Each structure stands twice: as C-alpha cells, then as structure tokens.
Amino acid sequence: MPRKTRITLISTGGTIAGLGQVGHSTGYTAGAVDAQTLLDAIPGVHGLASLRIVPLFSIGSQDFTETHSMLLRQAVMDALNDRQTDAVLVTHGTDTLEETAFFLHLTVPVQSKPVLLTAAMRPASAASADGSGNLRDALHALRSLCASRPVKTPNIWVLMANRLYGAIETSKRNALAPDAFHNQRHCAFLLDEHLEWISAPVEGAWPAGRFASVLDKAMVNWASGKGASQDDFDGLLPEVPVFVCHQDINPKRVAAMLKPVPRGWVIAGVGHGAVPAMLHPLVNKLLQQGCWIMRASRTPEGPVFVSGENPWNQSSFEGRMLASGRLTPWQSRIALQLSLLESDIAA
Ligand code: GLU
C-alpha cells in the first residue's frame, strides 16, 4: 500500500476558520475555529494524508504585518526542512492572500516539496461553507503534486474553488463569490481527486526564490542589530506605500502623505498604468529625490509596460521609474520592497 502523503498544515486564520451565526455568510469572526476541527469535518480525511498541524496565527489577513509574513516564511521553511514532511498546506484569509503567496514565492528557496495556500469565502458556520471542500481539494492537489514527476515548480500554489493557481498569478477579484480568485490564468483544475493541467505559471522577471538568500542575509543583519528581536521584523523591509489613481486628484494631499519621502512608491495608475498629469510634477520631484517608483494599474487584467501613456522611459531618472508587468499593485509593493533590500545588501 502506498505511504500516505505527510502534510504539515500551518493555520493563520481567515474566513476558512470563521465562526458566526449558524447558516449566515456574513457577520462572523475570522480565525475562530482551529484547524483540527476543520479537518475532522471532512469525511475520510485521515485516509487521505497524515497531517501535522502548526497553529501559527488566528487573524484576518487584513491584519498581516511584515512580522507575520516573516514568521510564516520561517514556519514554511522549517516544515520544508523537516524530513517527515512531504508537502506544506497553509490556511489563510482571502483578502490579502495574493500578497502572502507572492512573498513566499519570491523568498522561499526553490525545492522539490510543494507549498499550497487555501482559504474560504464563507465561514465554517455558514449554510454554504466552502472551506471544507477547499481543504479536501487542497489535500488531493498536494498528493497529486507530490506524485508528479518531474516535480512541478515553482512550488508555491494557491487552490480555490477547484482551480490551482501559481502564486504569481493569484489575485482576489470578487468580494463575495466562492470562486473569488477566478481568472483565466489558472494552471490546473482539480477534477475529483486529480489535477488536470492546463499550463505552467508565467514567472517573467519574478522567478521563484529570487530573493531567498537576500532575505536570509538581511535577517542576519537584523538579528545582530541593536535591540532587534527575532520575533519582530517590522521595518526590516523598506517602506513602499501604494497609491490608487482616480479622477480629480489633489496633488498637495498626496504630497503630504509622502512625507518623509519613502524609498519606493507604487502608483496604481488607470488603464495601462497612466498617471494623471496633475501628479507628474510630484512624481518627478520624488524621482529626483531618489525614490523608486513602480507604475501598476488599478485595472485587474493586462500588463503594464515601461512604454505607454506616460512621459517616462527606461533612461528617465537613472531607471528609477519601473513598470509592474503583470503584478497587481499589492504584489508590486512586495517586489519593489525586496528589490530595494537587494540593492541595500549589495551596496
Ligand atoms: N478579512 C478576513 C481575511 O482576509 C476574512 C476574509 C476571508 O478570509 O475571506 O482573513
């Protein structure tokens, strides 16, 4: 008989562990149910995998800080280094899942064991709770990923409503529907117990593990820094705020929010990352002051290139004006933070 897949489940909270009035979908507390209780509700779960549970946090993902991301990365890497673990499952809130998945994608070293994040849009107490189905699917997907040869990379995956996404191609697109992450770029579909593959994720400029060793070096420096605690990482990464463009912007208001000047700034422009002309003088001033800027888009689909409806090109301001490609503004923030950290470490 084949050995059961050994899965370490790291729980962080979110709606998947949410509890409220029985039968209701809204008005609940995220992160109120423990992972063992959720698993016990899945028929036949113990025949599917041998599970070790690591209860890490019980929070809504809107409350994630840099410290949470760093502690989760550490927990994932500890599990991957454990010889008794074949695969890692992370339960998470849906609201900022794309940020955590992308952070792990860029910072966990590439290896042969899969890591999968799953979530739910309805609390465990709702009439149409989707968490136990997603959890069961996640276990099947991990079994399938562990069995596939050659190993499927890049290793960090997201599963929601039967679809498997590469971490880089994950974004929440619906605030209420159970298939909240549905986009055309899913890599596989889970049919019963098997993954039907469609395509590999397109990593472009952001390959898996790109900043793994940079972050390890930064952590060593951080730990040796005066008064720095191993459990407090807030401030480790350079600050990079995000601004979403709209009609009729007051540039003075925006300038006030950018004091002192941050190391980086993501502008979620309109359409193909267009920045309204009324902001151009402020943008130029920030670039002159050494701020790195990444143009992204508030529009969910379609890449943002350097060329386009804007006055900046690759040679403007020593290349400090970047374009997000296919990243969401929130993923762009993480990419820029880690890129800035990389240049600090190299300096
Ligand atoms: N806001 C909470 C979170 O992101 C609940 C939303 C959800 O999980 O769907 O964790």
# chains A, B, ... in the order shown; residues from 1 in each chain; ligands from 1
call {"tool": "residues_around", "arguments": {"residues": "Gly273 of chain A", "least_positions_apart": "3", "cutoff": "7 Å", "atoms": "only C-alpha atoms", "output": "count of residues only"}}
result
7
call {"tool": "select_by_dssp", "arguments": {"residues": "segment 21-187 of chain A", "states": "helix (DSSP H, G or I)", "output": "number ranges by chain"}}
result
A: 35-40, 45-48, 61-63, 66-81, 97-107, 131-147, 167-169
call {"tool": "residues_near_ligand", "arguments": {"ligand": "ligand 1", "cutoff": "10 Å", "atoms": "only C-alpha atoms and all ligand atoms", "output": "JSON list (two decimals) with C-alpha atoms, in the first residue's frame"}}
result
[["chain", "number", "residue", "atom", "x", "y", "z"],
["A", 12, "THR", "CA", -3.12, 31.54, 10.09],
["A", 13, "GLY", "CA", -6.86, 32.34, 10.46],
["A", 14, "GLY", "CA", -9.23, 33.91, 7.92],
["A", 15, "THR", "CA", -12.79, 33.02, 6.96],
["A", 16, "ILE", "CA", -11.89, 29.36, 6.50],
["A", 17, "ALA", "CA", -11.65, 29.30, 10.29],
["A", 18, "GLY", "CA", -14.52, 31.77, 10.71],
["A", 26, "THR", "CA", -21.64, 37.45, 6.94],
["A", 28, "TYR", "CA", -18.63, 36.37, 11.69],
["A", 29, "THR", "CA", -15.27, 36.27, 13.46],
["A", 30, "ALA", "CA", -12.33, 35.22, 11.27],
["A", 31, "GLY", "CA", -9.87, 32.69, 12.71],
["A", 58, "SER", "CA", -5.67, 33.23, 14.29],
["A", 59, "ILE", "CA", -6.14, 36.51, 12.46],
["A", 60, "GLY", "CA", -7.89, 38.05, 9.49],
["A", 61, "SER", "CA", -5.34, 38.52, 6.72],
["A", 62, "GLN", "CA", -6.02, 42.28, 6.63],
["A", 63, "ASP", "CA", -4.04, 42.39, 9.90],
["A", 64, "PHE", "CA", -0.90, 40.77, 8.47],
["A", 91, "THR", "CA", -4.75, 28.18, 5.52],
["A", 92, "HIS", "CA", -5.16, 31.94, 5.16],
["A", 93, "GLY", "CA", -7.71, 34.74, 4.78],
["A", 94, "THR", "CA", -8.63, 35.52, 1.19],
["A", 95, "ASP", "CA", -8.34, 39.30, 1.43],
["A", 96, "THR", "CA", -4.54, 39.56, 1.25],
["A", 97, "LEU", "CA", -3.73, 36.00, 0.24],
["A", 118, "THR", "CA", -6.06, 27.67, 0.53],
["A", 119, "ALA", "CA", -8.88, 29.71, 2.02],
["A", 120, "ALA", "CA", -12.65, 30.14, 2.07],
["A", 121, "MET", "CA", -15.20, 32.82, 1.32],
["A", 122, "ARG", "CA", -17.84, 31.53, 3.74],
["A", 123, "PRO", "CA", -17.28, 30.85, 7.45],
["A", 131, "GLY", "CA", -13.77, 25.77, 3.49],
["A", 172, "LYS", "CA", -8.75, 38.24, -5.48],
["A", 175, "ALA", "CA", -15.52, 40.31, -2.72],
["A", 176, "LEU", "CA", -18.30, 37.76, -2.11],
["A", 177, "ALA", "CA", -18.33, 34.81, -4.53],
["A", 178, "PRO", "CA", -16.76, 31.45, -3.57],
["A", 180, "ALA", "CA", -13.23, 34.85, -5.73]]
call {"tool": "closest_residue", "arguments": {"among": "A:Arg83, A:His280, A:Arg149, A:His272", "to": "Pro251 of chain A", "atoms": "only C-alpha atoms"}}
result
A:His280
call {"tool": "residues_around", "arguments": {"residues": "Ala200 of chain A", "least_positions_apart": "6", "cutoff": "12 Å", "atoms": "only C-alpha atoms", "output": "list in words"}}
result
Lys152, Thr153, Pro154, Asn155, Trp157, Leu164, Tyr165, Gly166, Ala167, Ile168, Glu169, Arg185, His186, Cys187 and Ala188 of chain A
call {"tool": "closest_atom_pairs", "arguments": {"of": "segment 132-189 of chain A", "to": "segment 45-53 of chain A", "cutoff": "10 Å", "atoms": "only C-alpha atoms", "output": "tab-separated table"}}
result
residue	atom	partner	partner_atom	distance
A:Leu135	CA	A:Val45	CA	9.5
A:Arg136	CA	A:Val45	CA	7.3
A:Leu139	CA	A:Ala49	CA	7.2
A:His140	CA	A:Leu48	CA	7.6
A:Leu142	CA	A:Ala49	CA	9.5
A:Arg143	CA	A:Ala49	CA	8.0
call {"tool": "residues_around", "arguments": {"residues": "Ala205 of chain A", "least_positions_apart": "3", "cutoff": "12 Å", "atoms": "only C-alpha atoms", "output": "short mmCIF file (atom, residue, chain, number, x, y, z; two decimals) with N, CA and C atoms, in the first residue's frame"}}
result
data_model
loop_
_atom_site.label_atom_id
_atom_site.label_comp_id
_atom_site.auth_asym_id
_atom_site.auth_seq_id
_atom_site.Cartn_x
_atom_site.Cartn_y
_atom_site.Cartn_z
N LEU A 106 8.61 34.57 -3.78
CA LEU A 106 9.90 35.23 -4.03
C LEU A 106 10.96 34.90 -2.98
N ILE A 168 2.19 33.61 -8.39
CA ILE A 168 2.39 34.87 -9.11
C ILE A 168 1.13 35.28 -9.89
N VAL A 202 3.45 31.76 -15.60
CA VAL A 202 4.47 32.57 -16.28
C VAL A 202 5.13 33.46 -15.22
N ALA A 208 10.71 32.15 -8.92
CA ALA A 208 10.60 31.62 -7.56
C ALA A 208 11.95 31.70 -6.85
N GLY A 209 11.91 32.08 -5.59
CA GLY A 209 13.11 32.10 -4.75
C GLY A 209 14.10 33.20 -5.08
N ARG A 210 13.71 34.16 -5.93
CA ARG A 210 14.66 35.18 -6.39
C ARG A 210 15.32 35.93 -5.23
N PHE A 211 14.56 36.17 -4.15
CA PHE A 211 15.12 36.97 -3.05
C PHE A 211 15.36 36.12 -1.80
N ALA A 323 8.01 49.49 -14.26
CA ALA A 323 6.64 49.10 -14.61
C ALA A 323 6.36 47.72 -14.02
N SER A 324 5.12 47.48 -13.63
CA SER A 324 4.77 46.28 -12.85
C SER A 324 4.65 45.02 -13.69
N GLY A 325 4.58 45.13 -15.03
CA GLY A 325 4.29 43.93 -15.81
C GLY A 325 2.92 43.40 -15.43
N ARG A 326 2.86 42.10 -15.06
CA ARG A 326 1.56 41.51 -14.73
C ARG A 326 1.26 41.48 -13.24
N LEU A 327 2.08 42.13 -12.43
CA LEU A 327 1.83 42.11 -10.99
C LEU A 327 0.69 43.05 -10.63
N SER A 332 3.25 44.36 -6.58
CA SER A 332 4.31 45.29 -6.97
C SER A 332 5.00 45.87 -5.75
N ALA A 335 7.43 43.31 -4.56
CA ALA A 335 8.56 43.18 -5.50
C ALA A 335 9.53 44.35 -5.33
N SER A 339 13.36 44.28 -3.98
CA SER A 339 14.40 44.76 -4.90
C SER A 339 15.25 45.82 -4.20
#
call {"tool": "residues_around", "arguments": {"residues": "Leu80 of chain A", "least_positions_apart": "4", "cutoff": "9 Å", "atoms": "only C-alpha atoms", "output": "PyMOL selection string"}}
result
chain A and resi 8+75-76+85-88+111+113-115
call {"tool": "write_last_selection", "arguments": {"atoms": "all heavy atoms", "output": "PDB file, in the first residue's frame"}}
result
ATOM      1  N   THR A   8       2.252  19.011   6.442  1.00  0.00           N
ATOM      2  CA  THR A   8       2.224  19.937   7.586  1.00  0.00           C
ATOM      3  C   THR A   8       1.260  21.057   7.241  1.00  0.00           C
ATOM      4  O   THR A   8       1.406  21.724   6.206  1.00  0.00           O
ATOM      5  CB  THR A   8       3.628  20.509   7.873  1.00  0.00           C
ATOM      6  OG1 THR A   8       4.464  19.431   8.284  1.00  0.00           O
ATOM      7  CG2 THR A   8       3.587  21.556   8.983  1.00  0.00           C
ATOM      8  N   ALA A  75       8.118  29.451   9.293  1.00  0.00           N
ATOM      9  CA  ALA A  75       7.375  28.212   9.599  1.00  0.00           C
ATOM     10  C   ALA A  75       7.317  27.315   8.360  1.00  0.00           C
ATOM     11  O   ALA A  75       7.436  26.082   8.455  1.00  0.00           O
ATOM     12  CB  ALA A  75       5.970  28.555  10.089  1.00  0.00           C
ATOM     13  N   VAL A  76       7.123  27.920   7.187  1.00  0.00           N
ATOM     14  CA  VAL A  76       7.078  27.137   5.937  1.00  0.00           C
ATOM     15  C   VAL A  76       8.446  26.492   5.687  1.00  0.00           C
ATOM     16  O   VAL A  76       8.536  25.297   5.365  1.00  0.00           O
ATOM     17  CB  VAL A  76       6.662  28.037   4.748  1.00  0.00           C
ATOM     18  CG1 VAL A  76       6.916  27.351   3.412  1.00  0.00           C
ATOM     19  CG2 VAL A  76       5.196  28.430   4.869  1.00  0.00           C
ATOM     20  N   THR A  85       8.065  15.616   6.482  1.00  0.00           N
ATOM     21  CA  THR A  85       7.037  16.380   5.745  1.00  0.00           C
ATOM     22  C   THR A  85       7.269  16.254   4.243  1.00  0.00           C
ATOM     23  O   THR A  85       8.372  16.479   3.762  1.00  0.00           O
ATOM     24  CB  THR A  85       7.092  17.871   6.168  1.00  0.00           C
ATOM     25  OG1 THR A  85       6.662  17.970   7.520  1.00  0.00           O
ATOM     26  CG2 THR A  85       6.202  18.744   5.296  1.00  0.00           C
ATOM     27  N   ASP A  86       6.192  15.886   3.509  1.00  0.00           N
ATOM     28  CA  ASP A  86       6.284  15.809   2.037  1.00  0.00           C
ATOM     29  C   ASP A  86       5.768  17.088   1.379  1.00  0.00           C
ATOM     30  O   ASP A  86       6.110  17.387   0.237  1.00  0.00           O
ATOM     31  CB  ASP A  86       5.430  14.651   1.502  1.00  0.00           C
ATOM     32  CG  ASP A  86       5.863  13.310   2.080  1.00  0.00           C
ATOM     33  OD1 ASP A  86       7.085  13.068   2.170  1.00  0.00           O
ATOM     34  OD2 ASP A  86       4.973  12.519   2.464  1.00  0.00           O
ATOM     35  N   ALA A  87       4.868  17.792   2.080  1.00  0.00           N
ATOM     36  CA  ALA A  87       4.219  18.956   1.464  1.00  0.00           C
ATOM     37  C   ALA A  87       3.685  19.856   2.575  1.00  0.00           C
ATOM     38  O   ALA A  87       3.464  19.401   3.694  1.00  0.00           O
ATOM     39  CB  ALA A  87       3.058  18.491   0.582  1.00  0.00           C
ATOM     40  N   VAL A  88       3.475  21.132   2.224  1.00  0.00           N
ATOM     41  CA  VAL A  88       3.013  22.103   3.230  1.00  0.00           C
ATOM     42  C   VAL A  88       1.710  22.732   2.753  1.00  0.00           C
ATOM     43  O   VAL A  88       1.585  23.138   1.592  1.00  0.00           O
ATOM     44  CB  VAL A  88       4.085  23.197   3.454  1.00  0.00           C
ATOM     45  CG1 VAL A  88       3.600  24.221   4.485  1.00  0.00           C
ATOM     46  CG2 VAL A  88       5.405  22.587   3.887  1.00  0.00           C
ATOM     47  N   GLN A 111      12.687  24.338  -4.024  1.00  0.00           N
ATOM     48  CA  GLN A 111      12.956  22.966  -3.587  1.00  0.00           C
ATOM     49  C   GLN A 111      11.888  22.054  -4.194  1.00  0.00           C
ATOM     50  O   GLN A 111      11.036  22.521  -4.950  1.00  0.00           O
ATOM     51  CB  GLN A 111      13.009  22.878  -2.057  1.00  0.00           C
ATOM     52  CG  GLN A 111      12.081  23.817  -1.320  1.00  0.00           C
ATOM     53  CD  GLN A 111      10.629  23.501  -1.512  1.00  0.00           C
ATOM     54  OE1 GLN A 111      10.247  22.353  -1.353  1.00  0.00           O
ATOM     55  NE2 GLN A 111       9.811  24.461  -1.869  1.00  0.00           N
ATOM     56  N   LYS A 113       9.512  20.150  -2.678  1.00  0.00           N
ATOM     57  CA  LYS A 113       8.241  19.886  -1.990  1.00  0.00           C
ATOM     58  C   LYS A 113       7.243  21.012  -2.275  1.00  0.00           C
ATOM     59  O   LYS A 113       7.605  22.183  -2.185  1.00  0.00           O
ATOM     60  CB  LYS A 113       8.474  19.806  -0.478  1.00  0.00           C
ATOM     61  CG  LYS A 113       9.403  18.681  -0.051  1.00  0.00           C
ATOM     62  CD  LYS A 113       9.612  18.711   1.454  1.00  0.00           C
ATOM     63  CE  LYS A 113      10.625  17.659   1.865  1.00  0.00           C
ATOM     64  NZ  LYS A 113      10.879  17.690   3.323  1.00  0.00           N
ATOM     65  N   PRO A 114       5.993  20.676  -2.581  1.00  0.00           N
ATOM     66  CA  PRO A 114       5.020  21.735  -2.867  1.00  0.00           C
ATOM     67  C   PRO A 114       4.498  22.427  -1.603  1.00  0.00           C
ATOM     68  O   PRO A 114       4.366  21.807  -0.554  1.00  0.00           O
ATOM     69  CB  PRO A 114       3.892  20.989  -3.571  1.00  0.00           C
ATOM     70  CG  PRO A 114       3.996  19.583  -3.097  1.00  0.00           C
ATOM     71  CD  PRO A 114       5.440  19.323  -2.766  1.00  0.00           C
ATOM     72  N   VAL A 115       4.186  23.712  -1.754  1.00  0.00           N
ATOM     73  CA  VAL A 115       3.540  24.508  -0.702  1.00  0.00           C
ATOM     74  C   VAL A 115       2.254  25.048  -1.316  1.00  0.00           C
ATOM     75  O   VAL A 115       2.289  25.606  -2.417  1.00  0.00           O
ATOM     76  CB  VAL A 115       4.434  25.700  -0.284  1.00  0.00           C
ATOM     77  CG1 VAL A 115       3.737  26.555   0.768  1.00  0.00           C
ATOM     78  CG2 VAL A 115       5.793  25.213   0.211  1.00  0.00           C
TER      79      VAL A 115
END
call {"tool": "select_by_dssp", "arguments": {"residues": "segment 242-320 of chain A", "states": "strand (DSSP E)", "output": "ChimeraX atom specification"}}
result
/A:242-244,264-269,292-297
call {"tool": "write_last_selection", "arguments": {"atoms": "all heavy atoms", "output": "CSV table (one decimal), in the first residue's frame"}}
result
chain,number,residue,atom,x,y,z
A,242,VAL,N,1.4,52.4,-1.4
A,242,VAL,CA,0.7,52.2,-2.7
A,242,VAL,C,-0.4,53.4,-2.8
A,242,VAL,O,-1.1,53.6,-1.8
A,242,VAL,CB,-0.1,50.9,-2.8
A,242,VAL,CG1,-0.8,50.7,-4.1
A,242,VAL,CG2,0.9,49.7,-2.6
A,243,PHE,N,-0.5,54.0,-4.0
A,243,PHE,CA,-1.5,55.0,-4.2
A,243,PHE,C,-2.3,54.6,-5.4
A,243,PHE,O,-1.8,54.2,-6.4
A,243,PHE,CB,-0.8,56.4,-4.4
A,243,PHE,CG,-1.8,57.4,-4.7
A,243,PHE,CD1,-2.6,58.0,-3.8
A,243,PHE,CD2,-2.0,57.9,-6.1
A,243,PHE,CE1,-3.6,59.0,-4.1
A,243,PHE,CE2,-2.9,58.8,-6.4
A,243,PHE,CZ,-3.7,59.4,-5.4
A,244,VAL,N,-3.6,54.7,-5.2
A,244,VAL,CA,-4.5,54.3,-6.4
A,244,VAL,C,-5.0,55.6,-7.0
A,244,VAL,O,-5.6,56.4,-6.3
A,244,VAL,CB,-5.7,53.5,-5.9
A,244,VAL,CG1,-6.6,53.0,-7.1
A,244,VAL,CG2,-5.2,52.2,-5.1
A,264,GLY,N,10.4,53.8,-1.8
A,264,GLY,CA,9.8,53.4,-3.0
A,264,GLY,C,8.3,53.7,-2.9
A,264,GLY,O,7.7,54.0,-1.9
A,265,TRP,N,7.7,53.8,-4.1
A,265,TRP,CA,6.2,54.1,-4.2
A,265,TRP,C,5.6,53.4,-5.3
A,265,TRP,O,6.2,53.3,-6.4
A,265,TRP,CB,6.1,55.7,-4.4
A,265,TRP,CG,4.7,56.2,-4.2
A,265,TRP,CD1,3.7,55.7,-3.4
A,265,TRP,CD2,4.2,57.3,-4.9
A,265,TRP,NE1,2.6,56.5,-3.6
A,265,TRP,CE2,2.8,57.5,-4.5
A,265,TRP,CE3,4.6,58.2,-5.9
A,265,TRP,CZ2,2.0,58.5,-4.9
A,265,TRP,CZ3,3.8,59.2,-6.3
A,265,TRP,CH2,2.5,59.4,-5.9
A,266,VAL,N,4.5,52.7,-5.1
A,266,VAL,CA,3.7,52.1,-6.2
A,266,VAL,C,2.6,53.0,-6.5
A,266,VAL,O,1.8,53.3,-5.6
A,266,VAL,CB,3.3,50.7,-5.8
A,266,VAL,CG1,2.3,50.1,-6.9
A,266,VAL,CG2,4.4,49.7,-5.6
A,267,ILE,N,2.4,53.3,-7.8
A,267,ILE,CA,1.3,54.1,-8.3
A,267,ILE,C,0.4,53.1,-9.1
A,267,ILE,O,0.8,52.7,-10.1
A,267,ILE,CB,1.7,55.3,-9.2
A,267,ILE,CG1,2.7,56.2,-8.4
A,267,ILE,CG2,0.5,56.1,-9.5
A,267,ILE,CD1,3.2,57.3,-9.3
A,268,ALA,N,-0.8,52.8,-8.5
A,268,ALA,CA,-1.7,52.1,-9.3
A,268,ALA,C,-2.4,53.1,-10.2
A,268,ALA,O,-3.4,53.8,-9.8
A,268,ALA,CB,-2.7,51.4,-8.4
A,269,GLY,N,-1.9,53.2,-11.4
A,269,GLY,CA,-2.4,54.2,-12.4
A,269,GLY,C,-3.7,53.6,-13.0
A,269,GLY,O,-4.3,52.6,-12.6
A,292,TRP,N,12.2,55.3,-5.7
A,292,TRP,CA,12.0,54.4,-6.8
A,292,TRP,C,10.5,54.3,-7.0
A,292,TRP,O,9.8,54.1,-6.0
A,292,TRP,CB,12.6,53.0,-6.6
A,292,TRP,CG,14.0,53.0,-6.6
A,292,TRP,CD1,14.9,53.5,-5.7
A,292,TRP,CD2,14.8,52.5,-7.7
A,292,TRP,NE1,16.2,53.3,-6.2
A,292,TRP,CE2,16.2,52.7,-7.4
A,292,TRP,CE3,14.5,51.9,-9.0
A,292,TRP,CZ2,17.2,52.3,-8.2
A,292,TRP,CZ3,15.6,51.5,-9.8
A,292,TRP,CH2,16.9,51.7,-9.4
A,293,ILE,N,10.0,54.3,-8.2
A,293,ILE,CA,8.5,54.3,-8.4
A,293,ILE,C,8.2,53.1,-9.3
A,293,ILE,O,8.9,52.9,-10.4
A,293,ILE,CB,8.0,55.6,-8.9
A,293,ILE,CG1,8.3,56.7,-7.9
A,293,ILE,CG2,6.5,55.5,-9.3
A,293,ILE,CD1,7.8,58.1,-8.3
A,294,MET,N,7.2,52.3,-9.0
A,294,MET,CA,6.7,51.3,-9.9
A,294,MET,C,5.3,51.7,-10.3
A,294,MET,O,4.4,51.8,-9.5
A,294,MET,CB,6.7,49.9,-9.3
A,294,MET,CG,6.4,48.8,-10.3
A,294,MET,SD,6.6,47.2,-9.6
A,294,MET,CE,8.3,46.9,-9.7
A,295,ARG,N,5.1,51.8,-11.6
A,295,ARG,CA,3.7,52.0,-12.1
A,295,ARG,C,3.0,50.7,-12.3
A,295,ARG,O,3.5,49.8,-13.0
A,295,ARG,CB,3.8,52.7,-13.5
A,295,ARG,CG,4.0,54.2,-13.5
A,295,ARG,CD,4.3,54.8,-14.8
A,295,ARG,NE,3.4,54.3,-15.9
A,295,ARG,CZ,3.8,53.4,-16.8
A,295,ARG,NH1,5.0,53.0,-16.9
A,295,ARG,NH2,2.9,53.0,-17.7
A,296,ALA,N,1.8,50.6,-11.7
A,296,ALA,CA,1.0,49.4,-11.9
A,296,ALA,C,-0.4,49.9,-12.4
A,296,ALA,O,-0.5,51.0,-12.9
A,296,ALA,CB,0.9,48.7,-10.5
A,297,SER,N,-1.4,49.1,-12.3
A,297,SER,CA,-2.7,49.5,-12.8
A,297,SER,C,-3.8,49.1,-11.8
A,297,SER,O,-3.7,48.0,-11.2
A,297,SER,CB,-3.0,48.9,-14.2
A,297,SER,OG,-4.3,49.3,-14.6
call {"tool": "residues_around", "arguments": {"residues": "Lys259 of chain A", "least_positions_apart": "3", "cutoff": "12 Å", "atoms": "only C-alpha atoms", "output": "PyMOL selection string"}}
result
chain A and resi 239+241+252-256+262-263+265+282+286+289+291
call {"tool": "write_last_selection", "arguments": {"atoms": "C-alpha atoms", "output": "PDB file, in the first residue's frame"}}
result
ATOM      1  CA  GLU A 239       8.644  51.187   3.226  1.00  0.00           C
ATOM      2  CA  PRO A 241       3.249  52.753   0.065  1.00  0.00           C
ATOM      3  CA  LYS A 252      -0.962  68.554  -2.298  1.00  0.00           C
ATOM      4  CA  ARG A 253      -2.868  65.892  -0.359  1.00  0.00           C
ATOM      5  CA  VAL A 254      -0.814  63.133  -1.993  1.00  0.00           C
ATOM      6  CA  ALA A 255       2.457  65.005  -1.340  1.00  0.00           C
ATOM      7  CA  ALA A 256       1.535  65.334   2.336  1.00  0.00           C
ATOM      8  CA  PRO A 262       9.658  56.770   1.129  1.00  0.00           C
ATOM      9  CA  ARG A 263      12.332  54.591  -0.519  1.00  0.00           C
ATOM     10  CA  TRP A 265       6.234  54.132  -4.162  1.00  0.00           C
ATOM     11  CA  LEU A 282       5.203  65.409  -7.728  1.00  0.00           C
ATOM     12  CA  LEU A 286      10.194  62.182  -5.861  1.00  0.00           C
ATOM     13  CA  GLN A 289      14.957  62.807  -4.551  1.00  0.00           C
ATOM     14  CA  CYS A 291      12.563  57.471  -4.667  1.00  0.00           C
TER      15      CYS A 291
END
call {"tool": "residues_around", "arguments": {"residues": "Asp231 of chain A", "least_positions_apart": "4", "cutoff": "9 Å", "atoms": "only C-alpha atoms", "output": "number ranges by chain"}}
result
A: 67, 70-71
call {"tool": "write_last_selection", "arguments": {"atoms": "N, CA, C and O atoms", "output": "compact mmCIF listing (two decimals), in the first residue's frame"}}
result
# COMPACT_ATOMS: atom_id res chain seq x y z
N THR A 67 6.02 41.31 10.10
CA THR A 67 6.39 40.28 11.08
C THR A 67 5.62 38.98 10.82
O THR A 67 6.20 37.90 10.83
N MET A 70 7.10 37.28 7.78
CA MET A 70 8.41 36.69 8.05
C MET A 70 8.28 35.42 8.91
O MET A 70 8.98 34.44 8.68
N LEU A 71 7.39 35.47 9.92
CA LEU A 71 7.22 34.28 10.77
C LEU A 71 6.60 33.14 9.98
O LEU A 71 6.95 31.96 10.17
call {"tool": "closest_residue", "arguments": {"among": "A:Val240, A:Ala223, A:Ala101, A:Ala274", "to": "Leu258 of chain A", "atoms": "only C-alpha atoms"}}
result
A:Val240
